[in-house]
file coords.txt (compact mmCIF, C-alpha atoms and all ligand atoms)
# COMPACT_ATOMS: atom_id res chain seq x y z
CA MET A 12 -32.41 -220.06 -128.61
CA ASN A 13 -35.86 -221.45 -127.75
CA VAL A 14 -38.78 -219.35 -126.53
CA GLY A 15 -38.30 -220.29 -122.87
CA ASP A 16 -34.61 -219.32 -122.80
CA ARG A 17 -35.31 -216.11 -124.61
CA CYS A 18 -37.89 -215.00 -122.07
CA ARG A 19 -35.67 -215.95 -119.18
CA LEU A 20 -32.52 -214.26 -120.49
CA ASP A 21 -34.25 -211.07 -121.53
CA LYS A 22 -36.13 -210.75 -118.29
CA GLU A 23 -33.08 -211.61 -116.17
CA HIS A 24 -30.63 -209.18 -117.71
CA LEU A 25 -32.16 -206.57 -120.00
CA TRP A 26 -33.88 -203.26 -119.43
CA HIS A 27 -35.95 -201.82 -122.30
CA PRO A 28 -36.46 -198.12 -123.08
CA PHE A 29 -39.80 -196.38 -122.51
CA THR A 30 -41.12 -199.68 -121.15
CA PRO A 31 -42.92 -200.40 -117.87
CA MET A 32 -40.65 -203.29 -116.90
CA ARG A 33 -43.01 -204.83 -114.34
CA GLU A 34 -45.48 -205.66 -117.11
CA TRP A 35 -42.67 -206.66 -119.46
CA CYS A 36 -41.22 -209.13 -116.94
CA ALA A 37 -44.61 -210.61 -116.02
CA GLU A 38 -44.89 -214.37 -116.42
CA GLU A 39 -47.43 -214.22 -119.24
CA HIS A 40 -45.52 -211.72 -121.42
CA GLU A 41 -43.53 -213.32 -124.17
CA PRO A 42 -41.01 -210.91 -125.75
CA LEU A 43 -40.91 -211.00 -129.53
CA ALA A 44 -37.36 -211.49 -130.85
CA LEU A 45 -36.77 -210.35 -134.42
CA VAL A 46 -34.11 -212.21 -136.35
CA ARG A 47 -34.28 -211.19 -139.99
CA GLY A 48 -35.48 -208.42 -142.27
CA GLU A 49 -36.06 -207.95 -145.96
CA GLY A 50 -37.79 -204.96 -147.50
CA CYS A 51 -40.79 -204.03 -145.35
CA TRP A 52 -40.84 -207.45 -143.69
CA LEU A 53 -39.40 -208.72 -140.41
CA TRP A 54 -39.23 -212.31 -139.19
CA ASP A 55 -39.36 -213.58 -135.62
CA GLN A 56 -37.54 -216.57 -134.18
CA GLU A 57 -40.44 -218.87 -134.88
CA GLY A 58 -40.40 -217.93 -138.56
CA ARG A 59 -43.55 -215.78 -138.47
CA LYS A 60 -43.35 -212.67 -140.64
CA TYR A 61 -44.65 -209.15 -140.05
CA LEU A 62 -44.83 -205.85 -141.89
CA ASP A 63 -42.67 -203.15 -140.31
CA GLY A 64 -45.47 -200.62 -139.91
CA ASN A 65 -43.41 -197.94 -138.16
CA SER A 66 -40.11 -198.45 -139.98
CA SER A 67 -38.46 -199.78 -136.80
CA ILE A 68 -39.24 -196.74 -134.71
CA TRP A 69 -39.33 -194.29 -137.64
CA THR A 70 -35.80 -194.98 -138.89
CA ASN A 71 -35.97 -197.30 -141.89
CA ILE A 72 -36.33 -195.63 -145.28
CA HIS A 73 -35.55 -198.12 -148.06
CA GLY A 74 -36.51 -201.37 -146.32
CA HIS A 75 -34.37 -203.92 -144.48
CA GLY A 76 -31.41 -205.67 -146.08
CA HIS A 77 -31.20 -203.28 -149.02
CA PRO A 78 -28.31 -204.60 -151.17
CA VAL A 79 -26.83 -201.14 -151.84
CA ILE A 80 -26.70 -200.15 -148.15
CA ASN A 81 -25.54 -203.60 -147.08
CA ALA A 82 -22.72 -203.46 -149.63
CA ALA A 83 -21.73 -199.94 -148.58
CA ILE A 84 -21.38 -201.08 -144.96
CA LYS A 85 -19.53 -204.27 -145.89
CA GLU A 86 -17.05 -202.45 -148.12
CA GLN A 87 -16.37 -199.93 -145.41
CA VAL A 88 -15.91 -202.48 -142.65
CA ASP A 89 -13.29 -204.23 -144.73
CA ARG A 90 -11.32 -200.98 -144.95
CA VAL A 91 -11.79 -199.62 -141.43
CA ALA A 92 -14.82 -199.48 -139.11
CA HIS A 93 -14.06 -196.48 -136.99
CA THR A 94 -11.37 -193.85 -136.54
CA SER A 95 -11.26 -190.73 -134.39
CA PHE A 96 -12.65 -187.53 -135.90
CA LEU A 97 -10.59 -185.53 -133.41
CA GLY A 98 -7.58 -184.39 -135.38
CA PHE A 99 -8.31 -186.62 -138.37
CA THR A 100 -10.73 -186.70 -141.25
CA HIS A 101 -11.89 -189.34 -143.72
CA GLU A 102 -13.43 -189.68 -147.15
CA PRO A 103 -16.88 -191.01 -146.19
CA ALA A 104 -17.42 -187.98 -143.91
CA MET A 105 -16.26 -185.56 -146.60
CA ALA A 106 -18.48 -187.11 -149.25
CA LEU A 107 -21.48 -187.22 -146.93
CA GLY A 108 -20.93 -183.65 -145.72
CA ARG A 109 -20.99 -182.41 -149.29
CA GLU A 110 -24.12 -184.35 -150.22
CA LEU A 111 -26.05 -183.24 -147.14
CA ALA A 112 -25.01 -179.62 -147.61
CA GLU A 113 -26.23 -179.68 -151.21
CA LEU A 114 -29.51 -181.39 -150.37
CA ALA A 115 -30.38 -179.04 -147.51
CA GLY A 116 -28.84 -175.79 -148.73
CA LEU A 117 -26.84 -175.43 -145.51
CA PRO A 118 -23.07 -175.57 -145.93
CA ARG A 119 -21.74 -176.77 -142.54
CA VAL A 120 -22.28 -180.27 -141.20
CA PHE A 121 -21.55 -181.42 -137.64
CA PHE A 122 -21.93 -185.16 -137.02
CA SER A 123 -23.16 -186.83 -133.84
CA ASP A 124 -24.89 -190.00 -132.72
CA ASP A 125 -28.68 -189.85 -132.61
CA GLY A 126 -31.63 -187.49 -132.66
CA SER A 127 -31.12 -186.28 -129.12
CA THR A 128 -27.49 -185.35 -129.68
CA ALA A 129 -28.27 -183.65 -133.00
CA ILE A 130 -30.58 -181.39 -130.96
CA GLU A 131 -28.03 -180.86 -128.18
CA CYS A 132 -25.49 -179.74 -130.78
CA ALA A 133 -27.85 -177.19 -132.31
CA VAL A 134 -28.82 -175.75 -128.94
CA ARG A 135 -25.26 -175.51 -127.69
CA MET A 136 -24.06 -173.99 -130.96
CA ALA A 137 -26.84 -171.39 -130.77
CA LEU A 138 -26.08 -170.48 -127.15
CA GLN A 139 -22.32 -170.37 -127.68
CA PHE A 140 -22.71 -168.32 -130.86
CA TRP A 141 -24.51 -165.51 -129.04
CA GLN A 142 -22.10 -165.70 -126.08
CA GLN A 143 -19.16 -165.24 -128.41
CA ASN A 144 -20.70 -162.69 -130.71
CA GLY A 145 -21.85 -159.81 -128.57
CA ARG A 146 -25.26 -160.98 -127.32
CA PRO A 147 -24.46 -162.79 -124.05
CA GLU A 148 -27.97 -162.09 -122.73
CA LYS A 149 -29.40 -164.52 -125.29
CA LEU A 150 -29.61 -167.58 -123.04
CA GLY A 151 -33.28 -168.49 -123.36
CA MET A 152 -34.81 -171.16 -125.54
CA VAL A 153 -38.39 -171.41 -126.74
CA GLY A 154 -40.06 -174.72 -127.49
CA PHE A 155 -43.66 -175.69 -128.25
CA ASP A 156 -46.20 -177.50 -126.11
CA ALA A 157 -46.30 -181.25 -126.75
CA ALA A 158 -42.94 -181.17 -128.54
CA TYR A 159 -40.47 -184.05 -128.33
CA HIS A 160 -36.80 -183.49 -129.08
CA GLY A 161 -35.12 -186.45 -127.42
CA ASP A 162 -34.32 -187.69 -123.96
CA THR A 163 -30.82 -186.54 -123.05
CA LEU A 164 -31.16 -183.91 -120.31
CA GLY A 165 -30.86 -180.89 -122.57
CA ALA A 166 -33.07 -182.24 -125.33
CA ALA A 167 -35.67 -183.41 -122.83
CA SER A 168 -35.76 -180.01 -121.14
CA LEU A 169 -36.87 -178.53 -124.48
CA GLY A 170 -39.74 -180.97 -124.83
CA GLY A 171 -43.34 -180.34 -123.87
CA ILE A 172 -44.60 -183.81 -122.97
CA PRO A 173 -44.49 -184.09 -119.16
CA LEU A 174 -44.39 -187.90 -119.14
CA PHE A 175 -41.17 -187.96 -121.15
CA LYS A 176 -39.37 -185.14 -119.37
CA GLY A 177 -38.63 -187.02 -116.17
CA ALA A 178 -35.65 -185.60 -114.30
CA ALA A 179 -35.14 -183.00 -117.02
CA ASN A 180 -38.09 -181.08 -115.54
CA HIS A 181 -35.71 -179.78 -112.90
CA PHE A 182 -32.93 -178.88 -115.25
CA GLY A 183 -32.39 -176.96 -118.41
CA TYR A 184 -31.55 -173.88 -120.33
CA GLY A 185 -34.28 -171.52 -119.19
CA VAL A 186 -36.77 -172.97 -121.60
CA GLN A 187 -40.06 -171.21 -122.23
CA ARG A 188 -42.84 -173.16 -123.78
CA VAL A 189 -45.51 -171.72 -126.03
CA LYS A 190 -48.67 -173.20 -127.49
CA ASP A 191 -48.50 -171.64 -130.93
CA LEU A 192 -47.29 -168.68 -132.98
CA GLU A 193 -49.74 -166.33 -131.27
CA ALA A 194 -48.24 -167.16 -127.89
CA LEU A 195 -44.74 -166.74 -129.29
CA ARG A 196 -45.62 -163.30 -130.60
CA SER A 197 -46.85 -162.21 -127.20
CA LEU A 198 -43.58 -163.02 -125.42
CA GLY A 199 -42.85 -159.27 -125.57
CA VAL A 200 -39.60 -157.90 -124.15
CA ASP A 201 -38.30 -161.36 -123.25
CA VAL A 202 -37.61 -161.96 -126.92
CA ALA A 203 -34.31 -160.09 -126.72
CA ARG A 204 -33.07 -162.83 -124.39
CA VAL A 205 -34.10 -165.71 -126.62
CA ALA A 206 -31.28 -167.55 -128.41
CA ALA A 207 -33.42 -169.89 -130.51
CA VAL A 208 -36.82 -171.37 -131.16
CA ILE A 209 -37.03 -175.10 -131.78
CA VAL A 210 -39.84 -176.87 -133.61
CA GLU A 211 -40.73 -180.12 -135.34
CA PRO A 212 -41.75 -178.82 -138.79
CA LEU A 213 -45.18 -179.64 -140.28
CA ILE A 214 -45.97 -182.38 -137.74
CA GLN A 215 -45.28 -183.09 -134.07
CA GLY A 216 -44.53 -186.81 -133.86
CA SER A 217 -44.51 -187.94 -130.25
CA ALA A 218 -47.42 -185.57 -129.52
CA GLY A 219 -49.52 -188.03 -131.53
CA MET A 220 -48.82 -186.95 -135.12
CA ARG A 221 -50.28 -183.46 -134.65
CA LEU A 222 -50.23 -181.27 -137.75
CA TRP A 223 -49.30 -177.59 -137.67
CA PRO A 224 -51.53 -175.26 -139.69
CA LYS A 225 -50.29 -174.74 -143.24
CA GLY A 226 -47.93 -171.79 -143.45
CA MET A 227 -46.99 -171.90 -139.76
CA LEU A 228 -43.37 -172.72 -140.49
CA LYS A 229 -42.92 -169.84 -142.93
CA GLU A 230 -44.46 -167.43 -140.44
CA LEU A 231 -42.20 -168.75 -137.72
CA GLU A 232 -39.16 -168.23 -139.93
CA THR A 233 -40.22 -164.65 -140.60
CA TRP A 234 -40.74 -164.02 -136.88
CA CYS A 235 -37.30 -165.46 -136.08
CA ARG A 236 -35.59 -163.25 -138.68
CA GLU A 237 -37.41 -160.13 -137.45
CA ASN A 238 -36.46 -160.84 -133.85
CA GLU A 239 -32.89 -162.05 -134.33
CA VAL A 240 -33.69 -165.45 -132.93
CA PHE A 241 -32.22 -168.63 -134.42
CA LEU A 242 -34.62 -171.18 -135.89
CA ILE A 243 -33.77 -174.80 -135.06
CA LEU A 244 -35.69 -177.39 -137.03
CA ASP A 245 -35.95 -180.86 -135.59
CA GLU A 246 -36.27 -183.05 -138.67
CA VAL A 247 -35.24 -186.18 -136.82
CA MET A 248 -38.57 -187.80 -137.75
CA THR A 249 -39.52 -185.82 -140.87
CA GLY A 250 -36.16 -185.86 -142.67
CA PHE A 251 -35.32 -188.01 -145.68
CA GLY A 252 -38.50 -188.06 -147.65
CA ARG A 253 -41.04 -188.87 -144.94
CA THR A 254 -43.30 -185.90 -145.65
CA GLY A 255 -43.06 -186.01 -149.44
CA THR A 256 -40.02 -183.73 -149.82
CA MET A 257 -36.47 -184.60 -148.83
CA PHE A 258 -36.85 -182.31 -145.81
CA ALA A 259 -40.16 -181.05 -144.45
CA CYS A 260 -38.96 -177.41 -144.38
CA GLN A 261 -38.71 -177.46 -148.18
CA GLN A 262 -42.51 -177.56 -148.40
CA GLU A 263 -42.69 -174.04 -147.01
CA ASP A 264 -39.48 -172.85 -148.60
CA VAL A 265 -37.84 -172.39 -145.22
CA VAL A 266 -34.10 -172.56 -144.58
CA PRO A 267 -33.41 -172.77 -140.83
CA ASP A 268 -30.28 -171.74 -138.96
CA PHE A 269 -29.95 -175.31 -137.72
CA LEU A 270 -31.32 -178.49 -139.26
CA CYS A 271 -31.21 -181.61 -137.06
CA LEU A 272 -31.19 -184.97 -138.81
CA ALA A 273 -30.90 -188.50 -137.47
CA LYS A 274 -33.21 -191.55 -137.74
CA GLY A 275 -33.39 -191.86 -141.55
CA LEU A 276 -29.88 -190.53 -142.19
CA THR A 277 -28.32 -193.99 -142.43
CA GLY A 278 -31.48 -195.42 -143.98
CA GLY A 279 -32.17 -196.82 -140.51
CA TYR A 280 -29.11 -199.08 -140.43
CA LEU A 281 -26.75 -197.48 -137.91
CA PRO A 282 -26.97 -194.81 -135.23
CA MET A 283 -25.81 -191.48 -136.55
CA ALA A 284 -26.94 -187.86 -136.72
CA ALA A 285 -26.06 -184.55 -138.29
CA THR A 286 -26.64 -180.92 -137.34
CA LEU A 287 -26.42 -178.64 -140.36
CA THR A 288 -25.91 -174.91 -140.07
CA THR A 289 -25.01 -171.72 -141.92
CA GLU A 290 -21.64 -170.20 -142.74
CA ARG A 291 -22.60 -167.29 -140.47
CA VAL A 292 -22.84 -169.58 -137.45
CA PHE A 293 -19.62 -171.35 -138.41
CA GLU A 294 -17.77 -168.06 -138.76
CA GLY A 295 -18.94 -167.09 -135.29
CA PHE A 296 -16.69 -169.86 -134.00
CA LEU A 297 -13.54 -168.75 -135.83
CA GLY A 298 -12.24 -166.21 -133.29
CA GLU A 299 -8.98 -166.67 -131.41
CA GLY A 300 -9.05 -169.77 -129.21
CA ARG A 301 -12.62 -170.62 -130.09
CA ALA A 302 -13.84 -174.16 -130.66
CA PHE A 303 -17.12 -176.00 -130.35
CA TYR A 304 -16.32 -178.14 -127.35
CA TYR A 305 -18.60 -181.00 -128.14
CA GLY A 306 -18.06 -184.41 -129.65
CA HIS A 307 -18.24 -188.06 -128.80
CA SER A 308 -16.09 -191.16 -129.21
CA TYR A 309 -18.04 -192.21 -132.31
CA THR A 310 -18.51 -188.78 -133.92
CA ALA A 311 -18.59 -189.23 -137.74
CA SER A 312 -18.42 -193.01 -137.54
CA GLN A 313 -16.97 -194.28 -140.81
CA LEU A 314 -19.54 -197.08 -140.93
CA GLY A 315 -22.38 -194.63 -140.30
CA CYS A 316 -21.14 -192.31 -143.03
CA ALA A 317 -20.86 -195.24 -145.46
CA ALA A 318 -24.41 -196.38 -144.68
CA SER A 319 -25.70 -192.81 -145.12
CA LEU A 320 -23.96 -192.48 -148.48
CA GLY A 321 -25.53 -195.80 -149.45
CA SER A 322 -28.98 -194.53 -148.47
CA LEU A 323 -28.57 -191.32 -150.47
CA ARG A 324 -27.42 -193.39 -153.44
CA VAL A 325 -30.63 -195.42 -153.23
CA PHE A 326 -32.62 -192.17 -153.24
CA ARG A 327 -30.91 -191.21 -156.51
CA GLU A 328 -30.73 -194.56 -158.27
CA GLU A 329 -34.26 -195.65 -157.44
CA ARG A 330 -35.73 -192.16 -157.92
CA VAL A 331 -37.42 -192.56 -154.58
CA MET A 332 -38.76 -189.02 -154.36
CA GLU A 333 -40.26 -189.13 -157.87
CA GLY A 334 -42.25 -192.23 -157.02
CA LEU A 335 -43.47 -190.93 -153.71
CA ALA A 336 -46.33 -188.65 -154.79
CA ALA A 337 -48.39 -191.51 -156.21
CA LYS A 338 -47.60 -193.69 -153.21
CA MET A 339 -48.67 -190.97 -150.78
CA GLU A 340 -52.02 -190.71 -152.51
CA VAL A 341 -52.65 -194.43 -152.10
CA PHE A 342 -51.48 -194.25 -148.47
CA ALA A 343 -53.81 -191.28 -147.84
CA GLY A 344 -56.78 -193.18 -149.24
CA LEU A 345 -56.05 -196.33 -147.28
CA VAL A 346 -55.37 -194.77 -143.87
CA GLY A 347 -58.17 -192.29 -144.48
CA SER A 348 -60.61 -195.21 -144.73
CA LEU A 349 -59.89 -196.00 -141.06
CA GLY A 350 -61.46 -192.64 -140.24
CA ALA A 351 -64.87 -194.12 -141.07
CA MET A 352 -64.57 -196.63 -138.20
CA PRO A 353 -66.72 -195.66 -135.20
CA GLN A 354 -63.78 -196.47 -132.90
CA VAL A 355 -61.58 -193.86 -134.62
CA LEU A 356 -61.76 -190.19 -133.67
CA GLU A 357 -59.45 -188.77 -136.30
CA VAL A 358 -56.85 -189.73 -138.89
CA ARG A 359 -53.99 -187.25 -139.28
CA ARG A 360 -51.54 -187.64 -142.12
CA CYS A 361 -48.49 -185.90 -143.53
CA GLY A 362 -46.75 -187.64 -146.43
CA MET A 363 -45.96 -191.21 -145.40
CA ILE A 364 -46.74 -190.56 -141.74
CA ALA A 365 -50.16 -191.31 -140.28
CA GLY A 366 -51.64 -191.01 -136.80
CA ILE A 367 -54.95 -192.77 -136.18
CA GLU A 368 -56.45 -191.50 -132.93
CA LEU A 369 -58.84 -193.81 -131.11
CA ARG A 370 -62.10 -192.40 -129.76
CA ASP A 371 -62.89 -192.50 -126.02
CA GLN A 372 -60.69 -195.39 -125.01
CA PRO A 373 -58.95 -195.94 -121.67
CA PRO A 374 -55.15 -195.42 -121.48
CA GLY A 375 -53.20 -198.36 -122.88
CA THR A 376 -55.73 -199.21 -125.57
CA GLY A 377 -53.39 -198.12 -128.37
CA ALA A 378 -50.73 -200.53 -127.13
CA ARG A 379 -53.28 -203.36 -126.92
CA VAL A 380 -54.42 -202.70 -130.48
CA CYS A 381 -50.81 -202.92 -131.67
CA VAL A 382 -50.31 -206.23 -129.87
CA ALA A 383 -53.54 -207.53 -131.44
CA ALA A 384 -52.42 -206.35 -134.90
CA ARG A 385 -49.37 -208.64 -134.67
CA LYS A 386 -51.63 -211.62 -135.16
CA PHE A 387 -52.62 -210.08 -138.48
CA GLY A 388 -48.99 -209.55 -139.50
CA LEU A 389 -48.27 -205.96 -138.48
CA LEU A 390 -45.68 -204.50 -136.11
CA THR A 391 -46.12 -200.95 -134.91
CA ARG A 392 -46.14 -198.91 -131.73
CA PRO A 393 -48.63 -196.21 -130.78
CA VAL A 394 -48.16 -192.80 -129.22
CA LEU A 395 -50.62 -193.13 -126.34
CA ASN A 396 -53.98 -193.85 -128.01
CA THR A 397 -52.87 -192.69 -131.42
CA LEU A 398 -51.88 -195.59 -133.67
CA VAL A 399 -48.95 -194.91 -135.96
CA LEU A 400 -48.36 -196.05 -139.52
CA MET A 401 -45.08 -194.92 -141.01
CA PRO A 402 -43.89 -197.55 -143.47
CA PRO A 403 -40.51 -197.61 -145.21
CA LEU A 404 -40.73 -195.51 -148.39
CA CYS A 405 -40.19 -198.64 -150.49
CA VAL A 406 -43.57 -200.03 -149.33
CA THR A 407 -45.78 -201.38 -152.14
CA HIS A 408 -49.47 -200.61 -152.63
CA ALA A 409 -50.32 -204.17 -151.61
CA GLU A 410 -48.23 -203.93 -148.43
CA MET A 411 -49.89 -200.64 -147.48
CA GLY A 412 -53.24 -202.36 -147.90
CA GLN A 413 -52.14 -205.23 -145.66
CA MET A 414 -50.90 -202.83 -142.97
CA VAL A 415 -54.15 -200.92 -142.88
CA GLU A 416 -56.22 -204.11 -142.86
CA ALA A 417 -54.19 -205.53 -139.94
CA LEU A 418 -54.72 -202.31 -138.01
CA ARG A 419 -58.46 -202.38 -138.77
CA LEU A 420 -58.71 -205.96 -137.46
CA GLY A 421 -56.66 -205.03 -134.39
CA ILE A 422 -58.95 -202.07 -133.64
CA GLU A 423 -62.07 -204.20 -134.07
CA GLU A 424 -60.71 -206.93 -131.82
CA VAL A 425 -59.73 -204.62 -128.97
CA CYS A 426 -62.30 -201.80 -129.21
CA GLY A 427 -65.31 -203.90 -130.25
N1 LIG A 501 -36.73 -185.46 -132.27
C1 LIG A 501 -37.81 -186.05 -132.78
C2 LIG A 501 -38.80 -185.25 -133.57
C3 LIG A 501 -38.00 -187.42 -132.58
O1 LIG A 501 -39.11 -188.01 -133.09
C4 LIG A 501 -37.05 -188.16 -131.85
C5 LIG A 501 -37.20 -189.65 -131.59
N2 LIG A 501 -38.46 -190.15 -131.61
C6 LIG A 501 -35.93 -187.49 -131.35
C7 LIG A 501 -35.81 -186.14 -131.59
C8 LIG A 501 -34.87 -188.20 -130.57
O2 LIG A 501 -34.15 -189.04 -131.39
P1 LIG A 501 -33.30 -190.25 -130.78
O3 LIG A 501 -34.29 -191.18 -130.18
O4 LIG A 501 -32.58 -190.82 -131.96
O5 LIG A 501 -32.37 -189.67 -129.77
call {"tool": "encode", "arguments": {"input": "coords.txt", "output": "structure tokens", "more": "lines below"}}
Ligand code: PMP
result
Amino acid sequence: MNVGDRCRLDKEHLWHPFTPMREWCAEEHEPLALVRGEGCWLWDQEGRKYLDGNSSIWTNIHGHGHPVINAAIKEQVDRVAHTSFLGFTHEPAMALGRELAELAGLPRVFFSDDGSTAIECAVRMALQFWQQNGRPEKLGMVGFDAAYHGDTLGAASLGGIPLFKGAANHFGYGVQRVKDLEALRSLGVDVARVAAVIVEPLIQGSAGMRLWPKGMLKELETWCRENEVFLILDEVMTGFGRTGTMFACQQEDVVPDFLCLAKGLTGGYLPMAATLTTERVFEGFLGEGRAFYYGHSYTASQLGCAASLGSLRVFREERVMEGLAAKMEVFAGLVGSLGAMPQVLEVRRCGMIAGIELRDQPPGTGARVCVAARKFGLLTRPVLNTLVLMPPLCVTHAEMGQMVEALRLGIEEVCG
């Protein structure tokens, strides 16, 4: 397909997420079509290559076209691609359930489709648990300011970023929002009515890579235990090695009641999610006639499970976590150097996640910097005026250097 046809077809028929479509469809905008990937690199239709600076919207862990994950998917598709998980089971789901349970220290695994539905599952399990187990007044949810937990109605109603809440502003589970632990502690008598608190551990992603103070998560866990409130951790972004440990909660020795995983679960190859929980929660659903009435056509997709098993195999065989500490140090040094630029207000980093906030720039500057950085071989997407670097964990030192250099040139070009 040539460039002209591509622009015409896309603009005639497609509708992109989180995208002002008037600008997208404007005459002068030429959509970039990606056709191939290998490791940290992506190629467009014209044969130009780019570094995948945000792991294809925070999903890719081991790079594109990894032979182990590719083979796992191919072997599975030759057996069967998808079967119903309603009334049936299958080996890939069993094997993956066991591996996830061992890795996270939570024995029960409920599969779904994406980050948003992993959150919906946790919230609905928490609410239904209390309904069924003698605390029907526990209907409230507490979330944090600037949080993002997805865009289905329930998940969006938990979020704290007005722009992304849309229609969900007028809907929801009686969600209270708090700024920090102090505010949570001063909720007072209302606490008895709270079913669960939900948080992105260590770092709030869509807020602009905002870091929580060290120890916050442990204190939150303690507060939840003392107040009989479930703790839901949204590790959709932070899961699978991103922060330097397999799961971010392990850095503060926290085991939540619900752990929500998605993006990196399949290594970034297929849509799939998992909500992990405790035996206590599971047992709360064992009474006469009880079931968790939730599930989708593609729950526990065999292909998704196979890809996830492939990704976990790569973690083991390539000793990904062992190699990460040294890589994080290099990453810290490189992204940290952007902090010396006069156009940069602050660099925030957690493991292999970095947010580079621009200083005093009009709205839309972050997006313009990312477009400029393409010329220098980098693809990424900002959160407002915070630039994001979140490379696949297989990134080399040289590639990290190239990413940071492309961003530096992009910033200089756009911000002067
Ligand atoms: N939670 C967090 C922390 C996220 O970063 C995201 C996606 N950016 C989601 C939930 C929603 O995930 P999905 O887009 O896969 O529904």
call {"tool": "residues_around", "arguments": {"input": "coords.txt", "residues": "region 135-138 of chain A", "least_positions_apart": "2", "cutoff": "8 Å", "atoms": "only C-alpha atoms", "output": "PyMOL selection string"}}
result
chain A and resi 131-133+140-142+149-150+206-207+241+292+303
call {"tool": "atom_distance", "arguments": {"input": "coords.txt", "atom1": "CA of Thr277 (chain A)", "atom2": "CA of Ile72 (chain A)"}}
result
8.7 Å
call {"tool": "residues_around", "arguments": {"input": "coords.txt", "residues": "region 198-204 of chain A", "least_positions_apart": "4", "cutoff": "9 Å", "atoms": "only C-alpha atoms", "output": "compact mmCIF listing (two decimals) with C-alpha atoms, keeping the file's coordinate frame"}}
result
# COMPACT_ATOMS: atom_id res chain seq x y z
CA ARG A 146 -25.26 -160.98 -127.32
CA PRO A 147 -24.46 -162.79 -124.05
CA GLU A 148 -27.97 -162.09 -122.73
CA LYS A 149 -29.40 -164.52 -125.29
CA LEU A 150 -29.61 -167.58 -123.04
CA GLY A 151 -33.28 -168.49 -123.36
CA MET A 152 -34.81 -171.16 -125.54
CA VAL A 189 -45.51 -171.72 -126.03
CA ALA A 194 -48.24 -167.16 -127.89
CA ASN A 238 -36.46 -160.84 -133.85
CA GLU A 239 -32.89 -162.05 -134.33
CA VAL A 240 -33.69 -165.45 -132.93
call {"tool": "closest_atom_pairs", "arguments": {"input": "coords.txt", "of": "chain A", "to": "ligand LIG 501 (chain A)", "cutoff": "7 Å", "atoms": "all atoms listed in the file", "output": "JSON lines"}}
result
{"residue": "A:Asp125", "atom": "CA", "partner": "A:LIG501", "partner_atom": "O4", "distance": 4.1}
{"residue": "A:Gly126", "atom": "CA", "partner": "A:LIG501", "partner_atom": "O2", "distance": 3.2}
{"residue": "A:Ser127", "atom": "CA", "partner": "A:LIG501", "partner_atom": "O5", "distance": 3.7}
{"residue": "A:Thr128", "atom": "CA", "partner": "A:LIG501", "partner_atom": "O5", "distance": 6.5}
{"residue": "A:Tyr159", "atom": "CA", "partner": "A:LIG501", "partner_atom": "C1", "distance": 5.6}
{"residue": "A:His160", "atom": "CA", "partner": "A:LIG501", "partner_atom": "N1", "distance": 3.7}
{"residue": "A:Gly161", "atom": "CA", "partner": "A:LIG501", "partner_atom": "C8", "distance": 3.6}
{"residue": "A:Asp162", "atom": "CA", "partner": "A:LIG501", "partner_atom": "O5", "distance": 6.4}
{"residue": "A:Glu211", "atom": "CA", "partner": "A:LIG501", "partner_atom": "C2", "distance": 5.8}
{"residue": "A:Gln215", "atom": "CA", "partner": "A:LIG501", "partner_atom": "C2", "distance": 6.8}
{"residue": "A:Gly216", "atom": "CA", "partner": "A:LIG501", "partner_atom": "O1", "distance": 5.6}
{"residue": "A:Ser217", "atom": "CA", "partner": "A:LIG501", "partner_atom": "O1", "distance": 6.1}
{"residue": "A:Asp245", "atom": "CA", "partner": "A:LIG501", "partner_atom": "C2", "distance": 5.6}
{"residue": "A:Glu246", "atom": "CA", "partner": "A:LIG501", "partner_atom": "C2", "distance": 6.1}
{"residue": "A:Val247", "atom": "CA", "partner": "A:LIG501", "partner_atom": "C1", "distance": 4.8}
{"residue": "A:Met248", "atom": "CA", "partner": "A:LIG501", "partner_atom": "O1", "distance": 4.7}
{"residue": "A:Ala273", "atom": "CA", "partner": "A:LIG501", "partner_atom": "O4", "distance": 6.2}
{"residue": "A:Lys274", "atom": "CA", "partner": "A:LIG501", "partner_atom": "O4", "distance": 5.9}
call {"tool": "atom_distance", "arguments": {"input": "coords.txt", "atom1": "CA of Gly170 (chain A)", "atom2": "CA of Ala158 (chain A)"}}
result
4.9 Å
call {"tool": "residues_near_point", "arguments": {"input": "coords.txt", "point": "(-46.9, -217.7, -119.5)", "cutoff": "12 Å", "atoms": "only C-alpha atoms", "output": "NGL selection string"}}
result
:A and (14-15 or 18-19 or 35-42)
call {"tool": "write_last_selection", "arguments": {"input": "coords.txt", "atoms": "C-alpha atoms", "output": "mmCIF file, keeping the file's coordinate frame"}}
result
data_model
loop_
_atom_site.group_PDB
_atom_site.id
_atom_site.type_symbol
_atom_site.label_atom_id
_atom_site.label_comp_id
_atom_site.auth_asym_id
_atom_site.auth_seq_id
_atom_site.Cartn_x
_atom_site.Cartn_y
_atom_site.Cartn_z
ATOM 1 C CA VAL A 14 -38.780 -219.350 -126.530
ATOM 2 C CA GLY A 15 -38.300 -220.290 -122.870
ATOM 3 C CA CYS A 18 -37.890 -215.000 -122.070
ATOM 4 C CA ARG A 19 -35.670 -215.950 -119.180
ATOM 5 C CA TRP A 35 -42.670 -206.660 -119.460
ATOM 6 C CA CYS A 36 -41.220 -209.130 -116.940
ATOM 7 C CA ALA A 37 -44.610 -210.610 -116.020
ATOM 8 C CA GLU A 38 -44.890 -214.370 -116.420
ATOM 9 C CA GLU A 39 -47.430 -214.220 -119.240
ATOM 10 C CA HIS A 40 -45.520 -211.720 -121.420
ATOM 11 C CA GLU A 41 -43.530 -213.320 -124.170
ATOM 12 C CA PRO A 42 -41.010 -210.910 -125.750
#
